[in-house]
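**Student:** For reference, the structure I am asking about is given below.
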Amino acid sequence: MNKSIPSKADIKLIHSLARKKAREESALFVVEGEKMVAEALASGLEIEAVYYRNTIGEEMMSRISLLSSPSPALAVVRQPAPDMLKEEGITLVLDGVRDPGNLGTILRLAEWFGIENVVCSTDCVDVFNPKTVQSTMGTILRKVPLYTDIHEFITAQRAADIPVYVTALSGDNIYSSGINRLSRAVFVMGSENNGVSPQIMSLATGALFIPPFPATCNTGRSESLNVAIATSILCYELRRP
């Protein structure tokens, strides 16, 4: 597993894992950073190779790294399977979230706040994208979202009488919504540019809005929150006593 100097084939493989198609075909991904590599080694996941800067040298580390600033350690890891969805609890659904930093941050939030399920639409950014992996700060080793047709998924949730809420500017005030009293529900967060798609909006039980403060002042205010920031507020409200 631990290799001293990467071969040309090793370098070619690592570079290929910057592309989604190669990651899907090989079922591998790259983890970089001392802390994340240490967590990967302790995670029980299958590790294909590990390289350390103090072993292979600064120049070689720069050659194999997928980051603009190479870190002291890099590992090639077998992709873990998506988490099995739990029947009870809260499900967070991401509709078209394409920014890798946002997806990684949302996964960290889901882990921190104990969100049981995370589901991604098929057009969300790949969770094993190198930038997504880095932004998870290790959460990807423990929490892997399920990618699926969210229209079918939400339709099934509604058929089972599970409430589904979307986030929208026309929604009800999240702070007085009482969502922290829900033991089982689905919450949909929309893409950075388009929000929740109309098809998904039409399936929702209700909509939630995070109001600005003060609510009466809109001068110079941004139109909406970043999806990761909005998700952090949603998660806090869900867990608020």
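Residues in the structure tokens are numbered from 1 in each chain, the chains being A, B, ... in the order shown, and ligands are numbered from 1 in the order shown.
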Could you go through stretch 17-103 of chain A and tell me which residues DSSP, when run on the backbone, assigns to strand (DSSP E or B), listing them as a VMD selection string?
**Tutor:** chain A and resid 28 to 32 47 to 52 73 to 78 89 to 94
**Student:** Find the residues around A:Ala228 up to 7 Å (only C-alpha atoms counted), leave out those fewer than 3 positions away in its own chain, and share them as a PyMOL selection string.
**Tutor:** chain A and resi 102+105-106+231-232
**Student:** Write a file of the selected residues as a PDB file, in the first residue's frame, keeping all heavy atoms.
**Tutor:**
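Output file selection-v6.pdb is given in full below:
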```pdb
ATOM      1  N   ASN A 102     -19.566  24.085  -1.667  1.00  0.00           N
ATOM      2  CA  ASN A 102     -20.864  24.077  -0.990  1.00  0.00           C
ATOM      3  C   ASN A 102     -21.269  22.664  -0.592  1.00  0.00           C
ATOM      4  O   ASN A 102     -21.741  22.434   0.527  1.00  0.00           O
ATOM      5  CB  ASN A 102     -21.938  24.683  -1.900  1.00  0.00           C
ATOM      6  CG  ASN A 102     -21.879  26.200  -1.943  1.00  0.00           C
ATOM      7  OD1 ASN A 102     -21.331  26.833  -1.049  1.00  0.00           O
ATOM      8  ND2 ASN A 102     -22.430  26.783  -2.990  1.00  0.00           N
ATOM      9  N   THR A 105     -19.170  21.479   2.370  1.00  0.00           N
ATOM     10  CA  THR A 105     -19.573  22.154   3.604  1.00  0.00           C
ATOM     11  C   THR A 105     -20.903  21.607   4.120  1.00  0.00           C
ATOM     12  O   THR A 105     -21.081  21.411   5.334  1.00  0.00           O
ATOM     13  CB  THR A 105     -19.686  23.666   3.367  1.00  0.00           C
ATOM     14  OG1 THR A 105     -18.418  24.175   2.950  1.00  0.00           O
ATOM     15  CG2 THR A 105     -20.126  24.394   4.634  1.00  0.00           C
ATOM     16  N   ILE A 106     -21.833  21.349   3.218  1.00  0.00           N
ATOM     17  CA  ILE A 106     -23.136  20.819   3.619  1.00  0.00           C
ATOM     18  C   ILE A 106     -22.985  19.440   4.244  1.00  0.00           C
ATOM     19  O   ILE A 106     -23.654  19.119   5.243  1.00  0.00           O
ATOM     20  CB  ILE A 106     -24.094  20.792   2.416  1.00  0.00           C
ATOM     21  CG1 ILE A 106     -24.506  22.222   2.042  1.00  0.00           C
ATOM     22  CG2 ILE A 106     -25.339  19.953   2.722  1.00  0.00           C
ATOM     23  CD1 ILE A 106     -25.249  22.330   0.724  1.00  0.00           C
ATOM     24  N   THR A 231     -28.180  26.255   4.586  1.00  0.00           N
ATOM     25  CA  THR A 231     -28.290  24.920   5.173  1.00  0.00           C
ATOM     26  C   THR A 231     -27.852  24.920   6.628  1.00  0.00           C
ATOM     27  O   THR A 231     -28.435  24.220   7.465  1.00  0.00           O
ATOM     28  CB  THR A 231     -27.453  23.910   4.370  1.00  0.00           C
ATOM     29  OG1 THR A 231     -27.898  23.898   3.004  1.00  0.00           O
ATOM     30  CG2 THR A 231     -27.589  22.507   4.941  1.00  0.00           C
ATOM     31  N   SER A 232     -26.835  25.721   6.947  1.00  0.00           N
ATOM     32  CA  SER A 232     -26.386  25.787   8.348  1.00  0.00           C
ATOM     33  C   SER A 232     -27.476  26.345   9.243  1.00  0.00           C
ATOM     34  O   SER A 232     -27.691  25.859  10.366  1.00  0.00           O
ATOM     35  CB  SER A 232     -25.117  26.631   8.454  1.00  0.00           C
ATOM     36  OG  SER A 232     -25.382  28.007   8.210  1.00  0.00           O
TER      37      SER A 232
END
```
**Student:** Neighbouring residues of A:Val119 were defined as those with any atom within 7 Å, considering only C-alpha atoms; residues of the same chain fewer than 6 positions away were excluded. Please report them as a VMD selection string.
**Tutor:** chain A and resid 92 to 94 145 to 147
**Student:** If we count only C-alpha atoms, what is near stretch 172-184 of chain A at a cut-off of 8 Å, once residues fewer than 6 positions away on the same chain are taken out, given as an MDAnalysis selection string?
**Tutor:** chainID A and resid 88:91 162:163 207:211 234 237:241
**Student:** At a cut-off of 8 Å, using only C-alpha atoms, what residues contact A:Pro72? Leave out same-chain residues fewer than 2 positions from it and give the result as a tab-separated table (two decimals) with N, CA, C and O atoms, in the first residue's frame.
**Tutor:**
```
chain	number	residue	atom	x	y	z
A	32	GLU	N	-6.12	14.31	0.17
A	32	GLU	CA	-4.86	15.02	0.42
A	32	GLU	C	-4.91	15.75	1.76
A	32	GLU	O	-5.96	16.21	2.19
A	33	GLY	N	-3.75	15.86	2.39
A	33	GLY	CA	-3.63	16.52	3.68
A	33	GLY	C	-3.28	15.51	4.76
A	33	GLY	O	-3.81	14.40	4.78
A	34	GLU	N	-2.40	15.89	5.66
A	34	GLU	CA	-1.95	14.96	6.71
A	34	GLU	C	-3.11	14.44	7.56
A	34	GLU	O	-3.21	13.24	7.82
A	52	TYR	N	4.02	10.38	0.95
A	52	TYR	CA	4.36	11.45	1.88
A	52	TYR	C	5.47	12.31	1.29
A	52	TYR	O	6.43	11.79	0.70
A	53	ARG	N	5.35	13.61	1.45
A	53	ARG	CA	6.32	14.55	0.90
A	53	ARG	C	7.72	14.29	1.43
A	53	ARG	O	8.70	14.39	0.68
A	54	ASN	N	7.83	13.93	2.71
A	54	ASN	CA	9.16	13.72	3.28
A	54	ASN	C	9.81	12.43	2.77
A	54	ASN	O	10.98	12.17	3.05
A	61	MET	N	5.91	15.50	-5.08
A	61	MET	CA	4.61	15.76	-4.47
A	61	MET	C	3.85	16.79	-5.30
A	61	MET	O	2.62	16.68	-5.47
A	70	PRO	N	0.32	21.82	-3.02
A	70	PRO	CA	0.45	20.42	-2.58
A	70	PRO	C	0.58	20.30	-1.07
A	70	PRO	O	1.23	21.12	-0.42
A	74	LEU	N	-0.70	12.35	0.52
A	74	LEU	CA	-1.74	12.05	-0.48
A	74	LEU	C	-2.03	10.57	-0.45
A	74	LEU	O	-1.11	9.74	-0.37
```
**Student:** Please, which residues of stretch 74-179 of chain A, numbered as in this document, come out helix (DSSP H, G or I) from DSSP, as a ChimeraX atom specification?
**Tutor:** /A:100-112,130-136,139-141,150-159,174-176,179
**Student:** Write out, as a tab-separated table (two decimals), in the first residue's frame, the residues just selected, with N, CA, C and O atoms.
**Tutor:**
```
chain	number	residue	atom	x	y	z
A	100	PRO	N	-18.52	22.50	-5.63
A	100	PRO	CA	-17.92	21.48	-4.76
A	100	PRO	C	-17.71	21.94	-3.33
A	100	PRO	O	-17.87	21.16	-2.39
A	101	GLY	N	-17.37	23.23	-3.16
A	101	GLY	CA	-17.18	23.73	-1.80
A	101	GLY	C	-18.48	23.73	-1.02
A	101	GLY	O	-18.49	23.41	0.18
A	102	ASN	N	-19.57	24.09	-1.67
A	102	ASN	CA	-20.86	24.08	-0.99
A	102	ASN	C	-21.27	22.66	-0.59
A	102	ASN	O	-21.74	22.43	0.53
A	103	LEU	N	-21.10	21.71	-1.51
A	103	LEU	CA	-21.47	20.33	-1.18
A	103	LEU	C	-20.64	19.80	-0.02
A	103	LEU	O	-21.18	19.20	0.91
A	104	GLY	N	-19.34	20.06	-0.06
A	104	GLY	CA	-18.49	19.58	1.03
A	104	GLY	C	-18.88	20.19	2.37
A	104	GLY	O	-18.93	19.49	3.39
A	105	THR	N	-19.17	21.48	2.37
A	105	THR	CA	-19.57	22.15	3.60
A	105	THR	C	-20.90	21.61	4.12
A	105	THR	O	-21.08	21.41	5.33
A	106	ILE	N	-21.83	21.35	3.22
A	106	ILE	CA	-23.14	20.82	3.62
A	106	ILE	C	-22.98	19.44	4.24
A	106	ILE	O	-23.65	19.12	5.24
A	107	LEU	N	-22.10	18.61	3.71
A	107	LEU	CA	-21.86	17.30	4.32
A	107	LEU	C	-21.28	17.44	5.72
A	107	LEU	O	-21.65	16.69	6.64
A	108	ARG	N	-20.38	18.40	5.90
A	108	ARG	CA	-19.84	18.65	7.24
A	108	ARG	C	-20.94	19.07	8.20
A	108	ARG	O	-20.99	18.63	9.36
A	109	LEU	N	-21.82	19.94	7.73
A	109	LEU	CA	-22.94	20.38	8.56
A	109	LEU	C	-23.85	19.22	8.92
A	109	LEU	O	-24.30	19.10	10.07
A	110	ALA	N	-24.13	18.35	7.93
A	110	ALA	CA	-25.00	17.21	8.19
A	110	ALA	C	-24.41	16.29	9.26
A	110	ALA	O	-25.13	15.80	10.13
A	111	GLU	N	-23.12	16.10	9.20
A	111	GLU	CA	-22.47	15.27	10.21
A	111	GLU	C	-22.50	15.96	11.57
A	111	GLU	O	-22.82	15.33	12.60
A	112	TRP	N	-22.20	17.25	11.61
A	112	TRP	CA	-22.13	17.99	12.87
A	112	TRP	C	-23.49	18.02	13.58
A	112	TRP	O	-23.56	17.85	14.79
A	130	PRO	N	-12.20	16.21	-6.31
A	130	PRO	CA	-11.13	16.58	-5.37
A	130	PRO	C	-11.44	17.81	-4.52
A	130	PRO	O	-11.11	17.85	-3.33
A	131	LYS	N	-12.08	18.82	-5.12
A	131	LYS	CA	-12.41	20.03	-4.36
A	131	LYS	C	-13.50	19.75	-3.32
A	131	LYS	O	-13.49	20.31	-2.23
A	132	THR	N	-14.45	18.88	-3.68
A	132	THR	CA	-15.48	18.51	-2.71
A	132	THR	C	-14.86	17.74	-1.56
A	132	THR	O	-15.15	18.00	-0.39
A	133	VAL	N	-14.00	16.78	-1.90
A	133	VAL	CA	-13.34	15.97	-0.87
A	133	VAL	C	-12.60	16.85	0.12
A	133	VAL	O	-12.73	16.69	1.34
A	134	GLN	N	-11.83	17.82	-0.39
A	134	GLN	CA	-11.08	18.70	0.50
A	134	GLN	C	-11.99	19.52	1.39
A	134	GLN	O	-11.72	19.71	2.57
A	135	SER	N	-13.10	19.99	0.83
A	135	SER	CA	-13.99	20.85	1.62
A	135	SER	C	-14.78	20.07	2.67
A	135	SER	O	-15.31	20.67	3.60
A	136	THR	N	-14.84	18.75	2.54
A	136	THR	CA	-15.52	17.97	3.58
A	136	THR	C	-14.67	17.84	4.84
A	136	THR	O	-15.20	17.48	5.90
A	139	THR	N	-15.20	14.43	6.40
A	139	THR	CA	-16.55	13.88	6.53
A	139	THR	C	-16.85	12.84	5.46
A	139	THR	O	-17.57	11.88	5.71
A	140	ILE	N	-16.28	13.01	4.25
A	140	ILE	CA	-16.52	12.08	3.15
A	140	ILE	C	-16.13	10.65	3.52
A	140	ILE	O	-16.65	9.68	2.96
A	141	LEU	N	-15.24	10.50	4.49
A	141	LEU	CA	-14.81	9.17	4.93
A	141	LEU	C	-15.86	8.49	5.81
A	141	LEU	O	-15.78	7.30	6.05
A	150	ILE	N	-34.43	12.64	-7.58
A	150	ILE	CA	-35.09	13.17	-6.39
A	150	ILE	C	-36.58	13.39	-6.60
A	150	ILE	O	-37.34	13.44	-5.63
A	151	HIS	N	-37.03	13.52	-7.85
A	151	HIS	CA	-38.47	13.64	-8.10
A	151	HIS	C	-39.16	12.35	-7.67
A	151	HIS	O	-40.17	12.37	-6.96
A	152	GLU	N	-38.59	11.21	-8.06
A	152	GLU	CA	-39.15	9.92	-7.65
A	152	GLU	C	-39.01	9.73	-6.14
A	152	GLU	O	-39.94	9.22	-5.49
A	153	PHE	N	-37.87	10.14	-5.60
A	153	PHE	CA	-37.64	9.98	-4.16
A	153	PHE	C	-38.66	10.77	-3.35
A	153	PHE	O	-39.26	10.23	-2.40
A	154	ILE	N	-38.87	12.03	-3.71
A	154	ILE	CA	-39.79	12.88	-2.95
A	154	ILE	C	-41.24	12.43	-3.16
A	154	ILE	O	-42.05	12.48	-2.23
A	155	THR	N	-41.56	11.99	-4.35
A	155	THR	CA	-42.90	11.46	-4.60
A	155	THR	C	-43.18	10.29	-3.67
A	155	THR	O	-44.28	10.18	-3.09
A	156	ALA	N	-42.20	9.42	-3.48
A	156	ALA	CA	-42.36	8.28	-2.58
A	156	ALA	C	-42.49	8.73	-1.13
A	156	ALA	O	-43.27	8.15	-0.35
A	157	GLN	N	-41.75	9.78	-0.76
A	157	GLN	CA	-41.85	10.30	0.61
A	157	GLN	C	-43.24	10.86	0.88
A	157	GLN	O	-43.84	10.60	1.93
A	158	ARG	N	-43.79	11.60	-0.07
A	158	ARG	CA	-45.13	12.15	0.09
A	158	ARG	C	-46.18	11.04	0.16
A	158	ARG	O	-47.15	11.13	0.92
A	159	ALA	N	-45.99	9.99	-0.63
A	159	ALA	CA	-46.92	8.85	-0.62
A	159	ALA	C	-46.92	8.17	0.74
A	159	ALA	O	-47.92	7.57	1.15
A	174	ILE	N	-38.81	30.72	8.80
A	174	ILE	CA	-38.25	29.49	9.35
A	174	ILE	C	-38.18	29.53	10.88
A	174	ILE	O	-38.31	28.50	11.55
A	175	TYR	N	-38.03	30.74	11.45
A	175	TYR	CA	-37.84	30.86	12.89
A	175	TYR	C	-39.12	30.61	13.69
A	175	TYR	O	-39.06	30.34	14.88
A	176	SER	N	-40.26	30.73	13.04
A	176	SER	CA	-41.53	30.46	13.72
A	176	SER	C	-42.23	29.24	13.14
A	176	SER	O	-43.41	29.02	13.39
A	179	ILE	N	-40.11	23.68	12.99
A	179	ILE	CA	-39.53	22.48	12.39
A	179	ILE	C	-38.69	21.68	13.38
A	179	ILE	O	-38.45	20.48	13.17
```
**Student:** Mind giving me the straight-line distance from atom CA of A:Val186 to atom CA of A:Ser43 in Å, one decimal?
**Tutor:** 28.9 Å
**Student:** Return as JSON lines the residues of stretch 49-84 of chain A lying at most 10 Å from stretch 1-18 of chain A, together with the closest atom-to-atom pair for each and the distance in Å to one decimal, counting only C-alpha atoms, with rows in chain order and ascending residue number.
**Tutor:**
```
{"residue": "A:Ala49", "atom": "CA", "partner": "A:Met1", "partner_atom": "CA", "distance": 4.7}
{"residue": "A:Val50", "atom": "CA", "partner": "A:Asn2", "partner_atom": "CA", "distance": 4.9}
{"residue": "A:Tyr51", "atom": "CA", "partner": "A:Lys3", "partner_atom": "CA", "distance": 6.2}
{"residue": "A:Tyr52", "atom": "CA", "partner": "A:Ser4", "partner_atom": "CA", "distance": 8.1}
{"residue": "A:Arg53", "atom": "CA", "partner": "A:Ser4", "partner_atom": "CA", "distance": 9.9}
{"residue": "A:Asn54", "atom": "CA", "partner": "A:Ser4", "partner_atom": "CA", "distance": 10.0}
{"residue": "A:Thr55", "atom": "CA", "partner": "A:Ser4", "partner_atom": "CA", "distance": 6.3}
{"residue": "A:Ile56", "atom": "CA", "partner": "A:Ile5", "partner_atom": "CA", "distance": 5.5}
{"residue": "A:Gly57", "atom": "CA", "partner": "A:Ile5", "partner_atom": "CA", "distance": 9.0}
{"residue": "A:Met60", "atom": "CA", "partner": "A:Ile5", "partner_atom": "CA", "distance": 8.2}
{"residue": "A:Met61", "atom": "CA", "partner": "A:Pro6", "partner_atom": "CA", "distance": 9.5}
{"residue": "A:Arg63", "atom": "CA", "partner": "A:Ile11", "partner_atom": "CA", "distance": 7.7}
{"residue": "A:Ile64", "atom": "CA", "partner": "A:Ile11", "partner_atom": "CA", "distance": 5.8}
{"residue": "A:Ser65", "atom": "CA", "partner": "A:His15", "partner_atom": "CA", "distance": 8.0}
{"residue": "A:Leu66", "atom": "CA", "partner": "A:Ala18", "partner_atom": "CA", "distance": 7.0}
{"residue": "A:Leu67", "atom": "CA", "partner": "A:Ala18", "partner_atom": "CA", "distance": 10.0}
{"residue": "A:Leu74", "atom": "CA", "partner": "A:Ile14", "partner_atom": "CA", "distance": 9.8}
{"residue": "A:Ala75", "atom": "CA", "partner": "A:Asn2", "partner_atom": "CA", "distance": 9.0}
{"residue": "A:Val76", "atom": "CA", "partner": "A:Ile14", "partner_atom": "CA", "distance": 7.4}
```
**Student:** Kindly indicate which residue among A:Gly138, A:Leu28, A:Gly114, A:Gly171 lies nearest to A:Ala204, using only C-alpha atoms for the distances.
**Tutor:**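 Among the listed residues, A:Gly171 lies closest to A:Ala204.
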**Student:** Which is closer to A:Val166 than all the others in A:Phe128, A:Asp95, A:Phe213, A:Asn193, using only C-alpha atoms?
**Tutor:** A:Asp95
**Student:** Between A:Leu225, A:Leu203, A:Val97, A:Val118, which residue has the minimum interatomic distance to A:Ser191, considering only C-alpha atoms?
**Tutor:**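 Counting only C-alpha atoms, the residue closest to A:Ser191 is A:Val97.
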**Student:** May I ask for the distance between atom CA of A:Asp123 and atom CA of A:Asp149, given in Å to one decimal place?
**Tutor:**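 Computing the Euclidean distance for atom CA of A:Asp123 and atom CA of A:Asp149 yields 9.3 Å.
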**Student:** List the spatial neighbours of A:Arg78 as a tab-separated table (two decimals) with C-alpha atoms, in the first residue's frame - criterion: any atom at most 10 Å away, only C-alpha atoms, same-chain residues fewer than 3 positions off excluded.
**Tutor:**
```
chain	number	residue	atom	x	y	z
A	23	ARG	CA	-13.34	8.08	-10.80
A	26	SER	CA	-11.97	2.96	-11.17
A	27	ALA	CA	-14.14	3.55	-8.06
A	28	LEU	CA	-11.17	5.42	-6.57
A	29	PHE	CA	-10.65	8.98	-5.31
A	30	VAL	CA	-7.84	11.11	-3.95
A	45	LEU	CA	-11.61	2.01	3.90
A	46	GLU	CA	-9.46	0.27	1.31
A	47	ILE	CA	-6.33	2.32	0.67
A	48	GLU	CA	-4.62	1.77	-2.68
A	49	ALA	CA	-1.54	3.93	-2.08
A	75	ALA	CA	-3.72	8.82	-0.54
A	81	ALA	CA	-20.66	3.03	-0.82
```
**Student:** Considering only C-alpha atoms, state which residue in the set A:Thr122, A:Ser170, A:Asn129, A:Asn194 is at the smallest distance from A:Val227.
**Tutor:**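 Residue with the minimum atom-to-atom distance to A:Val227: A:Asn194.
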**Student:** Could you tell me which of A:Val125, A:Ala40, A:Ala230, A:Met137 comes closest to A:Thr167 if we count only C-alpha atoms?
**Tutor:**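 Closest candidate: A:Ala230.
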